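Reproduced below: data_24.txt, with compact mmCIF, C-alpha atoms.
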```
# COMPACT_ATOMS: atom_id res chain seq x y z
CA MET A 1 49.66 5.85 114.82
CA SER A 2 51.18 6.22 111.39
CA LYS A 3 50.45 3.25 109.14
CA VAL A 4 52.18 1.96 106.04
CA THR A 5 49.61 1.36 103.33
CA ALA A 6 49.35 0.49 99.67
CA ASP A 7 46.44 0.58 97.22
CA THR A 8 45.85 -1.34 94.06
CA SER A 9 43.22 -2.91 91.86
CA ILE A 10 43.44 -6.62 91.14
CA SER A 11 41.67 -8.66 88.48
CA VAL A 12 39.94 -11.89 89.45
CA ASP A 13 42.81 -13.82 87.88
CA GLY A 14 45.25 -12.05 90.18
CA PHE A 15 46.88 -9.40 88.07
CA SER A 16 47.47 -5.95 89.38
CA ALA A 17 47.77 -3.26 86.80
CA GLY A 18 47.92 0.39 87.58
CA VAL A 19 49.18 0.42 91.09
CA ASN A 20 48.81 3.89 92.55
CA GLN A 21 45.70 4.76 90.67
CA ARG A 22 44.24 7.96 92.03
CA LEU A 23 41.62 10.51 91.23
CA ASP A 24 43.76 12.47 88.80
CA ALA A 25 45.54 9.46 87.28
CA PRO A 26 42.82 6.86 87.48
CA PHE A 27 44.43 4.15 85.39
CA GLY A 28 47.68 4.32 87.25
CA ASP A 29 50.61 3.89 84.96
CA GLY A 30 51.20 1.63 82.01
CA VAL A 31 47.65 0.34 81.85
CA GLY A 32 45.80 -0.51 78.64
CA GLU A 33 42.13 -0.96 77.84
CA ASP A 34 41.70 -3.86 80.20
CA GLY A 35 42.96 -1.64 82.96
CA ILE A 36 40.14 0.75 82.33
CA ARG A 37 37.73 -2.04 83.11
CA LEU A 38 39.86 -2.91 86.12
CA HIS A 39 39.28 0.56 87.51
CA ARG A 40 35.64 0.96 86.56
CA TRP A 41 34.69 1.08 90.24
CA MET A 42 36.31 4.50 90.44
CA PHE A 43 33.91 5.96 87.91
CA GLU A 44 30.65 4.27 88.68
CA ALA A 45 28.95 4.28 92.04
CA ALA A 46 31.40 6.95 93.11
CA GLU A 47 29.34 7.81 96.14
CA GLU A 48 29.39 4.24 97.36
CA ASN A 49 33.18 4.21 96.98
CA ALA A 50 33.80 7.63 98.47
CA ALA A 51 35.80 6.37 101.44
CA GLU A 52 38.06 4.26 99.21
CA LEU A 53 38.63 7.16 96.85
CA ALA A 54 39.45 9.57 99.66
CA ALA A 55 41.94 7.10 101.11
CA LEU A 56 43.98 7.23 97.90
CA THR A 57 45.15 10.77 98.61
CA ALA A 58 45.59 10.76 102.38
CA ALA A 59 49.25 9.89 102.90
CA GLY A 60 51.90 12.12 104.45
CA ALA A 61 54.67 10.56 102.36
CA TYR A 62 54.93 8.16 99.42
CA ILE A 63 57.42 5.56 98.24
CA MET A 64 57.68 4.35 94.66
CA GLY A 65 60.00 2.17 92.62
CA ARG A 66 62.16 3.91 90.08
CA ASN A 67 60.33 2.22 87.19
CA MET A 68 57.20 4.02 88.26
CA PHE A 69 58.98 7.37 88.22
CA THR A 70 60.63 7.02 84.84
CA PRO A 71 60.85 4.82 81.76
CA GLY A 72 64.62 5.45 81.84
CA ARG A 73 67.16 2.96 83.13
CA GLY A 74 70.77 3.31 84.25
CA GLU A 75 72.18 6.81 84.74
CA TRP A 76 69.66 9.58 85.24
CA ASP A 77 68.37 11.85 82.54
CA LEU A 78 68.25 14.95 84.75
CA ASP A 79 65.60 16.58 82.57
CA TRP A 80 63.12 13.87 83.56
CA LYS A 81 61.00 14.91 86.53
CA GLY A 82 58.36 12.19 86.49
CA TRP A 83 55.21 11.57 84.48
CA TRP A 84 53.04 14.03 86.26
CA GLY A 85 53.94 17.53 85.07
CA ASP A 86 54.92 20.46 87.28
CA ASP A 87 52.38 19.68 90.01
CA PRO A 88 52.40 15.94 90.71
CA PRO A 89 49.40 14.48 92.54
CA TYR A 90 51.34 13.44 95.64
CA HIS A 91 51.55 16.82 97.38
CA ALA A 92 53.96 15.28 99.88
CA PRO A 93 57.55 13.98 100.09
CA THR A 94 57.83 11.10 97.64
CA PHE A 95 60.75 8.69 97.97
CA VAL A 96 61.99 6.98 94.82
CA LEU A 97 63.92 3.70 95.16
CA THR A 98 66.93 3.65 92.85
CA HIS A 99 70.48 2.43 92.54
CA HIS A 100 71.57 5.77 91.06
CA PRO A 101 71.98 8.78 93.37
CA ARG A 102 70.24 11.98 92.41
CA ASP A 103 69.54 15.25 94.21
CA PRO A 104 65.97 15.86 95.43
CA ILE A 105 63.57 17.63 93.06
CA GLU A 106 61.14 20.09 94.54
CA MET A 107 57.97 20.28 92.46
CA GLU A 108 54.94 22.54 92.73
CA GLY A 109 52.12 21.74 95.13
CA GLY A 110 54.20 20.21 97.89
CA THR A 111 55.63 17.18 96.08
CA THR A 112 59.37 16.64 96.54
CA PHE A 113 60.99 13.63 94.88
CA ILE A 114 63.75 12.23 97.08
CA PHE A 115 66.00 9.50 95.69
CA VAL A 116 66.98 6.68 98.03
CA THR A 117 69.79 4.30 97.15
CA ASP A 118 70.10 2.22 100.30
CA GLY A 119 67.09 -0.04 100.06
CA ILE A 120 63.43 -0.38 100.96
CA GLU A 121 63.87 -0.27 104.73
CA ALA A 122 65.94 2.91 104.64
CA ALA A 123 63.39 4.50 102.34
CA LEU A 124 60.61 3.55 104.74
CA GLU A 125 62.43 5.06 107.71
CA GLN A 126 62.91 8.32 105.85
CA ALA A 127 59.33 8.34 104.64
CA LYS A 128 58.00 7.73 108.15
CA ALA A 129 60.03 10.65 109.46
CA ALA A 130 58.84 12.87 106.59
CA ALA A 131 55.17 11.88 107.05
CA LYS A 132 55.14 13.50 110.51
CA GLY A 133 52.61 11.09 111.97
CA ARG A 134 50.48 10.64 108.86
CA ASP A 135 50.43 7.43 106.86
CA VAL A 136 53.12 6.35 104.45
CA LYS A 137 51.81 4.96 101.18
CA ILE A 138 53.76 2.55 98.99
CA GLY A 139 52.70 4.00 95.65
CA GLY A 140 53.94 1.19 93.41
CA GLY A 141 54.70 -0.36 91.02
CA VAL A 142 53.59 -3.88 91.63
CA GLU A 143 57.09 -5.23 92.25
CA THR A 144 57.77 -2.51 94.83
CA VAL A 145 54.55 -3.32 96.69
CA ARG A 146 55.49 -7.01 96.52
CA GLN A 147 58.92 -6.26 98.04
CA TYR A 148 57.35 -4.42 100.97
CA LEU A 149 54.72 -7.14 101.42
CA ARG A 150 57.32 -9.89 101.44
CA ALA A 151 59.28 -7.94 104.06
CA GLY A 152 56.11 -7.61 106.16
CA LEU A 153 56.48 -3.82 106.12
CA ILE A 154 53.01 -2.94 104.86
CA ASP A 155 50.42 -2.57 107.62
CA GLU A 156 47.37 -2.35 105.37
CA LEU A 157 47.01 -3.29 101.73
CA HIS A 158 43.78 -1.91 100.31
CA PHE A 159 42.67 -3.37 97.05
CA ALA A 160 39.71 -3.34 94.76
CA LEU A 161 39.03 -6.74 93.28
CA SER A 162 37.43 -5.99 89.94
CA PRO A 163 35.30 -8.43 87.96
CA VAL A 164 37.61 -8.66 84.95
CA VAL A 165 40.23 -11.14 83.77
CA LEU A 166 43.48 -9.72 82.43
CA GLY A 167 45.34 -12.91 81.54
CA GLN A 168 48.74 -11.33 81.90
CA GLY A 169 50.52 -8.66 83.82
CA GLU A 170 52.13 -8.59 87.20
CA ALA A 171 50.62 -11.10 89.60
CA MET A 172 50.44 -9.29 92.92
CA PHE A 173 50.38 -12.33 95.22
CA SER A 174 52.16 -14.91 93.08
CA GLY A 175 54.48 -17.07 95.14
CA MET A 176 53.57 -15.19 98.30
CA ASP A 177 52.11 -16.93 101.35
CA LEU A 178 50.14 -14.05 102.84
CA PRO A 179 48.96 -15.86 106.00
CA ALA A 180 52.54 -16.97 106.70
CA LEU A 181 53.59 -13.33 106.39
CA GLY A 182 50.96 -12.44 108.97
CA TYR A 183 48.36 -10.97 106.66
CA ARG A 184 44.64 -11.65 106.76
CA VAL A 185 41.50 -10.02 105.41
CA THR A 186 40.31 -7.55 108.02
CA GLU A 187 37.71 -5.65 106.01
CA HIS A 188 35.68 -6.36 102.92
CA GLN A 189 32.97 -4.37 101.26
CA ALA A 190 31.19 -5.47 98.13
CA THR A 191 30.01 -2.73 95.81
CA GLU A 192 28.50 -2.91 92.35
CA ASN A 193 31.81 -2.68 90.47
CA ALA A 194 34.40 -4.06 92.84
CA THR A 195 34.91 -5.84 96.11
CA HIS A 196 37.07 -3.72 98.37
CA ILE A 197 39.42 -5.72 100.56
CA VAL A 198 41.77 -4.67 103.33
CA LEU A 199 44.64 -7.00 104.14
CA SER A 200 46.26 -6.23 107.49
CA ARG A 201 48.99 -7.68 109.63
CA MET B 1 21.59 -26.02 74.72
CA SER B 2 23.59 -28.14 77.08
CA LYS B 3 26.45 -26.25 78.68
CA VAL B 4 29.67 -27.41 80.29
CA THR B 5 30.08 -25.73 83.64
CA ALA B 6 32.28 -25.82 86.72
CA ASP B 7 31.91 -24.24 90.16
CA THR B 8 34.46 -23.33 92.72
CA SER B 9 35.35 -20.88 95.44
CA ILE B 10 38.54 -18.87 95.12
CA SER B 11 40.40 -16.87 97.74
CA VAL B 12 41.51 -13.33 96.97
CA ASP B 13 45.07 -14.61 96.58
CA GLY B 14 43.91 -17.01 93.89
CA PHE B 15 43.70 -20.37 95.58
CA SER B 16 40.84 -22.69 94.94
CA ALA B 17 40.15 -25.18 97.65
CA GLY B 18 37.18 -27.42 97.73
CA VAL B 19 36.18 -27.58 94.14
CA ASN B 20 32.77 -29.18 93.84
CA GLN B 21 31.46 -27.83 97.08
CA ARG B 22 27.76 -28.45 97.30
CA LEU B 23 24.92 -28.30 99.77
CA ASP B 24 25.62 -31.64 101.36
CA ALA B 25 29.43 -31.41 101.14
CA PRO B 26 29.89 -27.70 101.60
CA PHE B 27 33.66 -27.66 102.06
CA GLY B 28 34.32 -29.74 99.01
CA ASP B 29 37.14 -32.16 99.55
CA GLY B 30 40.43 -31.83 101.33
CA VAL B 31 39.72 -28.43 102.80
CA GLY B 32 40.86 -27.24 106.22
CA GLU B 33 39.74 -24.41 108.47
CA ASP B 34 40.60 -21.72 105.97
CA GLY B 35 38.34 -23.47 103.52
CA ILE B 36 35.45 -23.03 105.90
CA ARG B 37 35.97 -19.29 105.68
CA LEU B 38 36.29 -19.66 101.91
CA HIS B 39 32.82 -21.11 101.76
CA ARG B 40 31.15 -18.88 104.33
CA TRP B 41 28.93 -17.41 101.61
CA MET B 42 27.09 -20.71 101.48
CA PHE B 43 25.94 -20.41 105.07
CA GLU B 44 25.26 -16.75 105.50
CA ALA B 45 22.88 -14.72 103.40
CA ALA B 46 21.60 -18.01 101.98
CA GLU B 47 18.59 -16.32 100.46
CA GLU B 48 20.75 -13.87 98.57
CA ASN B 49 22.82 -16.75 97.21
CA ALA B 50 19.89 -19.03 96.42
CA ALA B 51 20.47 -19.06 92.67
CA GLU B 52 24.15 -19.92 93.09
CA LEU B 53 23.34 -22.69 95.54
CA ALA B 54 20.68 -24.18 93.29
CA ALA B 55 23.09 -24.16 90.35
CA LEU B 56 25.43 -26.48 92.22
CA THR B 57 23.03 -29.40 91.89
CA ALA B 58 21.55 -28.86 88.41
CA ALA B 59 23.77 -30.92 86.11
CA GLY B 60 22.71 -33.95 84.07
CA ALA B 61 26.18 -35.51 84.28
CA TYR B 62 29.42 -34.88 86.14
CA ILE B 63 33.12 -35.34 85.44
CA MET B 64 35.77 -35.58 88.12
CA GLY B 65 39.44 -36.40 88.35
CA ARG B 66 40.39 -39.68 89.95
CA ASN B 67 42.05 -37.89 92.87
CA MET B 68 38.71 -36.47 93.77
CA PHE B 69 37.09 -39.90 93.77
CA THR B 70 39.70 -41.67 95.85
CA PRO B 71 42.84 -41.14 97.91
CA GLY B 72 44.19 -44.33 96.29
CA ARG B 73 46.69 -44.34 93.45
CA GLY B 74 47.70 -47.01 90.94
CA GLU B 75 45.56 -50.15 90.69
CA TRP B 76 42.02 -49.90 92.02
CA ASP B 77 40.93 -50.99 95.46
CA LEU B 78 37.59 -52.35 94.30
CA ASP B 79 36.06 -51.88 97.76
CA TRP B 80 36.40 -48.10 97.40
CA LYS B 81 33.25 -46.53 96.04
CA GLY B 82 33.97 -42.86 96.66
CA TRP B 83 33.81 -40.58 99.69
CA TRP B 84 30.10 -40.11 99.69
CA GLY B 85 28.49 -43.24 101.10
CA ASP B 86 25.79 -45.32 99.42
CA ASP B 87 23.87 -42.32 98.03
CA PRO B 88 26.34 -39.83 96.57
CA PRO B 89 25.12 -36.27 96.02
CA TYR B 90 25.44 -36.36 92.23
CA HIS B 91 22.24 -38.26 91.40
CA ALA B 92 23.45 -38.51 87.80
CA PRO B 93 26.07 -40.32 85.71
CA THR B 94 29.47 -39.27 87.04
CA PHE B 95 32.53 -39.85 84.89
CA VAL B 96 35.84 -40.41 86.65
CA LEU B 97 39.08 -39.71 84.73
CA THR B 98 41.62 -42.44 85.34
CA HIS B 99 44.44 -44.40 83.73
CA HIS B 100 43.16 -47.61 85.27
CA PRO B 101 40.07 -49.29 83.79
CA ARG B 102 37.26 -50.25 86.13
CA ASP B 103 33.67 -51.37 85.66
CA PRO B 104 30.93 -48.82 86.35
CA ILE B 105 29.51 -48.67 89.87
CA GLU B 106 25.82 -48.07 90.27
CA MET B 107 25.06 -46.30 93.54
CA GLU B 108 21.77 -45.40 95.20
CA GLY B 109 19.89 -42.27 94.22
CA GLY B 110 20.80 -42.23 90.54
CA THR B 111 24.57 -41.80 90.76
CA THR B 112 26.59 -44.14 88.56
CA PHE B 113 30.37 -43.83 88.57
CA ILE B 114 31.77 -44.52 85.10
CA PHE B 115 35.53 -44.78 84.66
CA VAL B 116 37.05 -43.22 81.54
CA THR B 117 40.60 -44.00 80.48
CA ASP B 118 40.86 -42.22 77.15
CA GLY B 119 41.16 -38.60 78.21
CA ILE B 120 39.23 -35.46 79.03
CA GLU B 121 37.65 -35.01 75.60
CA ALA B 122 36.34 -38.57 75.45
CA ALA B 123 34.96 -38.18 78.97
CA LEU B 124 33.21 -34.98 77.95
CA GLU B 125 31.62 -36.62 74.91
CA GLN B 126 30.29 -39.45 77.04
CA ALA B 127 29.06 -37.05 79.70
CA LYS B 128 27.26 -34.89 77.13
CA ALA B 129 25.50 -37.95 75.75
CA ALA B 130 24.57 -39.11 79.26
CA ALA B 131 23.31 -35.66 80.30
CA LYS B 132 20.51 -35.86 77.72
CA GLY B 133 20.41 -32.14 77.05
CA ARG B 134 21.10 -31.00 80.59
CA ASP B 135 24.37 -29.35 81.61
CA VAL B 136 27.59 -31.23 82.23
CA LYS B 137 29.46 -30.12 85.30
CA ILE B 138 33.21 -30.55 85.77
CA GLY B 139 33.14 -31.43 89.44
CA GLY B 140 36.85 -31.10 90.22
CA GLY B 141 39.47 -31.24 91.55
CA VAL B 142 41.25 -28.04 90.71
CA GLU B 143 43.70 -29.65 88.28
CA THR B 144 40.84 -31.29 86.39
CA VAL B 145 39.01 -27.98 86.06
CA ARG B 146 42.29 -26.38 84.93
CA GLN B 147 42.72 -29.05 82.24
CA TYR B 148 39.25 -28.40 80.85
CA LEU B 149 39.77 -24.62 81.03
CA ARG B 150 43.09 -24.83 79.19
CA ALA B 151 41.41 -26.91 76.50
CA GLY B 152 38.66 -24.29 76.20
CA LEU B 153 36.05 -26.96 76.94
CA ILE B 154 34.25 -25.20 79.79
CA ASP B 155 31.47 -22.88 78.69
CA GLU B 156 30.83 -21.26 82.05
CA LEU B 157 33.01 -21.22 85.13
CA HIS B 158 31.05 -20.00 88.13
CA PHE B 159 33.06 -19.00 91.11
CA ALA B 160 32.63 -17.33 94.44
CA LEU B 161 35.49 -15.03 95.25
CA SER B 162 35.67 -15.06 99.02
CA PRO B 163 37.33 -12.39 101.15
CA VAL B 164 40.01 -14.64 102.63
CA VAL B 165 43.66 -15.31 101.92
CA LEU B 166 44.82 -18.93 101.91
CA GLY B 167 48.50 -18.48 101.09
CA GLN B 168 48.83 -21.93 99.62
CA GLY B 169 46.85 -24.51 97.76
CA GLU B 170 46.06 -24.99 94.13
CA ALA B 171 46.10 -21.74 92.17
CA MET B 172 43.17 -21.99 89.79
CA PHE B 173 44.34 -19.53 87.16
CA SER B 174 48.11 -19.70 87.62
CA GLY B 175 49.91 -19.58 84.27
CA MET B 176 46.63 -19.40 82.40
CA ASP B 177 45.82 -16.51 80.06
CA LEU B 178 42.04 -16.53 80.30
CA PRO B 179 41.36 -13.80 77.71
CA ALA B 180 43.65 -15.60 75.24
CA LEU B 181 41.60 -18.75 75.87
CA GLY B 182 38.47 -16.78 75.02
CA TYR B 183 37.15 -16.28 78.54
CA ARG B 184 35.78 -13.07 79.95
CA VAL B 185 33.65 -12.06 82.93
CA THR B 186 30.04 -12.14 81.79
CA GLU B 187 28.27 -11.85 85.13
CA HIS B 188 29.20 -10.60 88.54
CA GLN B 189 27.15 -10.22 91.64
CA ALA B 190 28.50 -8.89 94.89
CA THR B 191 26.95 -10.26 98.06
CA GLU B 192 27.90 -9.83 101.68
CA ASN B 193 30.22 -12.83 101.84
CA ALA B 194 31.44 -13.36 98.31
CA THR B 195 31.53 -11.88 94.87
CA HIS B 196 29.98 -14.31 92.42
CA ILE B 197 31.63 -14.31 89.03
CA VAL B 198 30.73 -16.10 85.82
CA LEU B 199 33.51 -16.58 83.28
CA SER B 200 32.22 -17.52 79.84
CA ARG B 201 33.68 -18.16 76.42
```

What is this structure when it is put down as structure tokens?
Amino acid sequence: MSKVTADTSISVDGFSAGVNQRLDAPFGDGVGEDGIRLHRWMFEAAEENAAELAALTAAGAYIMGRNMFTPGRGEWDLDWKGWWGDDPPYHAPTFVLTHHPRDPIEMEGGTTFIFVTDGIEAALEQAKAAAKGRDVKIGGGVETVRQYLRAGLIDELHFALSPVVLGQGEAMFSGMDLPALGYRVTEHQATENATHIVLSR
Amino acid sequence: MSKVTADTSISVDGFSAGVNQRLDAPFGDGVGEDGIRLHRWMFEAAEENAAELAALTAAGAYIMGRNMFTPGRGEWDLDWKGWWGDDPPYHAPTFVLTHHPRDPIEMEGGTTFIFVTDGIEAALEQAKAAAKGRDVKIGGGVETVRQYLRAGLIDELHFALSPVVLGQGEAMFSGMDLPALGYRVTEHQATENATHIVLSR
């Protein structure tokens, strides 16, 4: 059955930078030098982490917050088509949460950005339909993943807990009672550069 | 040189229950069923964790908050001599932070409880003198460890990051910018049931 998933890296002091890191954008977005250390597991011991890396690119549809798609706010700059060039790494329908309507943008390589103005649940319904039985991945940013977690709409949150402290950033689980939301740790795998955790409902 | 250390277990959502867990009080204090899972690393793969377990009992003096010594508040109940029976597991001078003066209590096995009313820095000075060159361990609870961390007075915080979510409790690093305080991850060791991290200044 189609699952709703999200992936992130989290520092030991709880900050998640670079949600939606992936092979061709390994630091995610808006991540500084500390984020590089956060994602070291992707570069070292790659064989050991092969399953986790493969999982990053397996979804049939993606959802992201508008702030992950663009640095712009308010009305759209229609020239902006995301950070990722002509061939974004999603290769699938990608739903962007926004308050400002915009026509879909078809990119090369199978990525189509579709703008959803009626909330996270409507976006998820559309993404599930578009994924045609494959998983839907909440691509980020942190606040978008938090919204879906709080609503109990993520089936599996995969994260790499990296042995770094960031001190500031977006705290993924701050103020969130995961057990009360039905989440528990269902898988964990320690590797040299990260501990991989799966939270499931 | 004598170091100031603290040990704890932390859940992946950042909660630290059972500060000062140790071989003969493995859940620490005030920990429920989730805390048992938090400390699973102490029971399984014991050989792999031998160094971490040994480190829990190596200090020459301890410091703890009053709330860790007693459930009482306000004036002392002089019949209360801690949770640990006649032979507490510290086997060393143990300084208790309190606003209420009390004479020292000499227990069996080398533990003496000494009550300090003039703050965390004074307690640390006394503990360093009493430790005679061995380490001083901040035994807990969480808020006491946080006070010493915020003051930059802990040289090494050892913690086991366990693959559980607790959802509530005391958040060890909440509101604390560890890099700004001079802390970074200096050691990490992944084992089957926990990732052992050392934060140092």

Next on the checklist: What's the separation between atom CA of Pro104 of chain B and atom CA of Ala59 of chain B, in Å to one decimal place?
Outcome noted: 19.3 Å

Please return, as a PDB file with C-alpha atoms, keeping the file's coordinate frame, all residues of chain A lying within 12 Å of chain B when all atoms listed in the file are considered.
```
ATOM      1  CA  SER A   9      43.220  -2.910  91.860  1.00  0.00           C
ATOM      2  CA  ILE A  10      43.440  -6.620  91.140  1.00  0.00           C
ATOM      3  CA  SER A  11      41.670  -8.660  88.480  1.00  0.00           C
ATOM      4  CA  VAL A  12      39.940 -11.890  89.450  1.00  0.00           C
ATOM      5  CA  ASP A  13      42.810 -13.820  87.880  1.00  0.00           C
ATOM      6  CA  GLY A  14      45.250 -12.050  90.180  1.00  0.00           C
ATOM      7  CA  PHE A  15      46.880  -9.400  88.070  1.00  0.00           C
ATOM      8  CA  SER A  16      47.470  -5.950  89.380  1.00  0.00           C
ATOM      9  CA  ASP A  34      41.700  -3.860  80.200  1.00  0.00           C
ATOM     10  CA  ARG A  37      37.730  -2.040  83.110  1.00  0.00           C
ATOM     11  CA  LEU A  38      39.860  -2.910  86.120  1.00  0.00           C
ATOM     12  CA  PHE A 159      42.670  -3.370  97.050  1.00  0.00           C
ATOM     13  CA  ALA A 160      39.710  -3.340  94.760  1.00  0.00           C
ATOM     14  CA  LEU A 161      39.030  -6.740  93.280  1.00  0.00           C
ATOM     15  CA  SER A 162      37.430  -5.990  89.940  1.00  0.00           C
ATOM     16  CA  PRO A 163      35.300  -8.430  87.960  1.00  0.00           C
ATOM     17  CA  VAL A 164      37.610  -8.660  84.950  1.00  0.00           C
ATOM     18  CA  VAL A 165      40.230 -11.140  83.770  1.00  0.00           C
ATOM     19  CA  LEU A 166      43.480  -9.720  82.430  1.00  0.00           C
ATOM     20  CA  GLY A 167      45.340 -12.910  81.540  1.00  0.00           C
ATOM     21  CA  GLN A 168      48.740 -11.330  81.900  1.00  0.00           C
ATOM     22  CA  GLY A 169      50.520  -8.660  83.820  1.00  0.00           C
ATOM     23  CA  GLU A 170      52.130  -8.590  87.200  1.00  0.00           C
ATOM     24  CA  ALA A 171      50.620 -11.100  89.600  1.00  0.00           C
ATOM     25  CA  MET A 172      50.440  -9.290  92.920  1.00  0.00           C
ATOM     26  CA  PHE A 173      50.380 -12.330  95.220  1.00  0.00           C
ATOM     27  CA  SER A 174      52.160 -14.910  93.080  1.00  0.00           C
ATOM     28  CA  GLY A 175      54.480 -17.070  95.140  1.00  0.00           C
ATOM     29  CA  MET A 176      53.570 -15.190  98.300  1.00  0.00           C
ATOM     30  CA  ASP A 177      52.110 -16.930 101.350  1.00  0.00           C
ATOM     31  CA  LEU A 178      50.140 -14.050 102.840  1.00  0.00           C
ATOM     32  CA  PRO A 179      48.960 -15.860 106.000  1.00  0.00           C
ATOM     33  CA  ALA A 180      52.540 -16.970 106.700  1.00  0.00           C
ATOM     34  CA  LEU A 181      53.590 -13.330 106.390  1.00  0.00           C
ATOM     35  CA  GLY A 182      50.960 -12.440 108.970  1.00  0.00           C
ATOM     36  CA  TYR A 183      48.360 -10.970 106.660  1.00  0.00           C
ATOM     37  CA  ARG A 184      44.640 -11.650 106.760  1.00  0.00           C
ATOM     38  CA  VAL A 185      41.500 -10.020 105.410  1.00  0.00           C
ATOM     39  CA  THR A 186      40.310  -7.550 108.020  1.00  0.00           C
ATOM     40  CA  GLU A 187      37.710  -5.650 106.010  1.00  0.00           C
ATOM     41  CA  HIS A 188      35.680  -6.360 102.920  1.00  0.00           C
ATOM     42  CA  GLN A 189      32.970  -4.370 101.260  1.00  0.00           C
ATOM     43  CA  ALA A 190      31.190  -5.470  98.130  1.00  0.00           C
ATOM     44  CA  THR A 191      30.010  -2.730  95.810  1.00  0.00           C
ATOM     45  CA  GLU A 192      28.500  -2.910  92.350  1.00  0.00           C
ATOM     46  CA  ASN A 193      31.810  -2.680  90.470  1.00  0.00           C
ATOM     47  CA  ALA A 194      34.400  -4.060  92.840  1.00  0.00           C
ATOM     48  CA  THR A 195      34.910  -5.840  96.110  1.00  0.00           C
ATOM     49  CA  HIS A 196      37.070  -3.720  98.370  1.00  0.00           C
ATOM     50  CA  ILE A 197      39.420  -5.720 100.560  1.00  0.00           C
ATOM     51  CA  VAL A 198      41.770  -4.670 103.330  1.00  0.00           C
ATOM     52  CA  LEU A 199      44.640  -7.000 104.140  1.00  0.00           C
ATOM     53  CA  SER A 200      46.260  -6.230 107.490  1.00  0.00           C
TER      54      SER A 200
END
```

Item to check | Å distance separating atom CA of Ala92 of chain B from atom CA of Thr112 of chain B, one decimal place | outcome: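 We find that atom CA of Ala92 of chain B and atom CA of Thr112 of chain B lie 6.5 Å from each other.
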
Next on the checklist: With 12 Å as the threshold, what does the neighbourhood of (30.7, -34.8, 83.5) contain in terms of residues, counting all atoms listed in the file? Coordinates are those of the file; answer as JSON, numbers by chain.
Outcome noted: {"B": [2, 3, 4, 5, 6, 20, 58, 59, 60, 61, 62, 63, 64, 65, 90, 92, 93, 94, 95, 96, 97, 111, 112, 113, 114, 115, 116, 120, 121, 122, 123, 124, 125, 126, 127, 128, 129, 130, 131, 132, 134, 135, 136, 137, 138, 139, 140, 144, 145, 148, 153, 154]}

Got time to write the residues from that selection, C-alpha atoms, as an mmCIF file, in the frame of the given file?
```cif
data_model
loop_
_atom_site.group_PDB
_atom_site.id
_atom_site.type_symbol
_atom_site.label_atom_id
_atom_site.label_comp_id
_atom_site.auth_asym_id
_atom_site.auth_seq_id
_atom_site.Cartn_x
_atom_site.Cartn_y
_atom_site.Cartn_z
ATOM 1 C CA SER B 2 23.590 -28.140 77.080
ATOM 2 C CA LYS B 3 26.450 -26.250 78.680
ATOM 3 C CA VAL B 4 29.670 -27.410 80.290
ATOM 4 C CA THR B 5 30.080 -25.730 83.640
ATOM 5 C CA ALA B 6 32.280 -25.820 86.720
ATOM 6 C CA ASN B 20 32.770 -29.180 93.840
ATOM 7 C CA ALA B 58 21.550 -28.860 88.410
ATOM 8 C CA ALA B 59 23.770 -30.920 86.110
ATOM 9 C CA GLY B 60 22.710 -33.950 84.070
ATOM 10 C CA ALA B 61 26.180 -35.510 84.280
ATOM 11 C CA TYR B 62 29.420 -34.880 86.140
ATOM 12 C CA ILE B 63 33.120 -35.340 85.440
ATOM 13 C CA MET B 64 35.770 -35.580 88.120
ATOM 14 C CA GLY B 65 39.440 -36.400 88.350
ATOM 15 C CA TYR B 90 25.440 -36.360 92.230
ATOM 16 C CA ALA B 92 23.450 -38.510 87.800
ATOM 17 C CA PRO B 93 26.070 -40.320 85.710
ATOM 18 C CA THR B 94 29.470 -39.270 87.040
ATOM 19 C CA PHE B 95 32.530 -39.850 84.890
ATOM 20 C CA VAL B 96 35.840 -40.410 86.650
ATOM 21 C CA LEU B 97 39.080 -39.710 84.730
ATOM 22 C CA THR B 111 24.570 -41.800 90.760
ATOM 23 C CA THR B 112 26.590 -44.140 88.560
ATOM 24 C CA PHE B 113 30.370 -43.830 88.570
ATOM 25 C CA ILE B 114 31.770 -44.520 85.100
ATOM 26 C CA PHE B 115 35.530 -44.780 84.660
ATOM 27 C CA VAL B 116 37.050 -43.220 81.540
ATOM 28 C CA ILE B 120 39.230 -35.460 79.030
ATOM 29 C CA GLU B 121 37.650 -35.010 75.600
ATOM 30 C CA ALA B 122 36.340 -38.570 75.450
ATOM 31 C CA ALA B 123 34.960 -38.180 78.970
ATOM 32 C CA LEU B 124 33.210 -34.980 77.950
ATOM 33 C CA GLU B 125 31.620 -36.620 74.910
ATOM 34 C CA GLN B 126 30.290 -39.450 77.040
ATOM 35 C CA ALA B 127 29.060 -37.050 79.700
ATOM 36 C CA LYS B 128 27.260 -34.890 77.130
ATOM 37 C CA ALA B 129 25.500 -37.950 75.750
ATOM 38 C CA ALA B 130 24.570 -39.110 79.260
ATOM 39 C CA ALA B 131 23.310 -35.660 80.300
ATOM 40 C CA LYS B 132 20.510 -35.860 77.720
ATOM 41 C CA ARG B 134 21.100 -31.000 80.590
ATOM 42 C CA ASP B 135 24.370 -29.350 81.610
ATOM 43 C CA VAL B 136 27.590 -31.230 82.230
ATOM 44 C CA LYS B 137 29.460 -30.120 85.300
ATOM 45 C CA ILE B 138 33.210 -30.550 85.770
ATOM 46 C CA GLY B 139 33.140 -31.430 89.440
ATOM 47 C CA GLY B 140 36.850 -31.100 90.220
ATOM 48 C CA THR B 144 40.840 -31.290 86.390
ATOM 49 C CA VAL B 145 39.010 -27.980 86.060
ATOM 50 C CA TYR B 148 39.250 -28.400 80.850
ATOM 51 C CA LEU B 153 36.050 -26.960 76.940
ATOM 52 C CA ILE B 154 34.250 -25.200 79.790
#
```
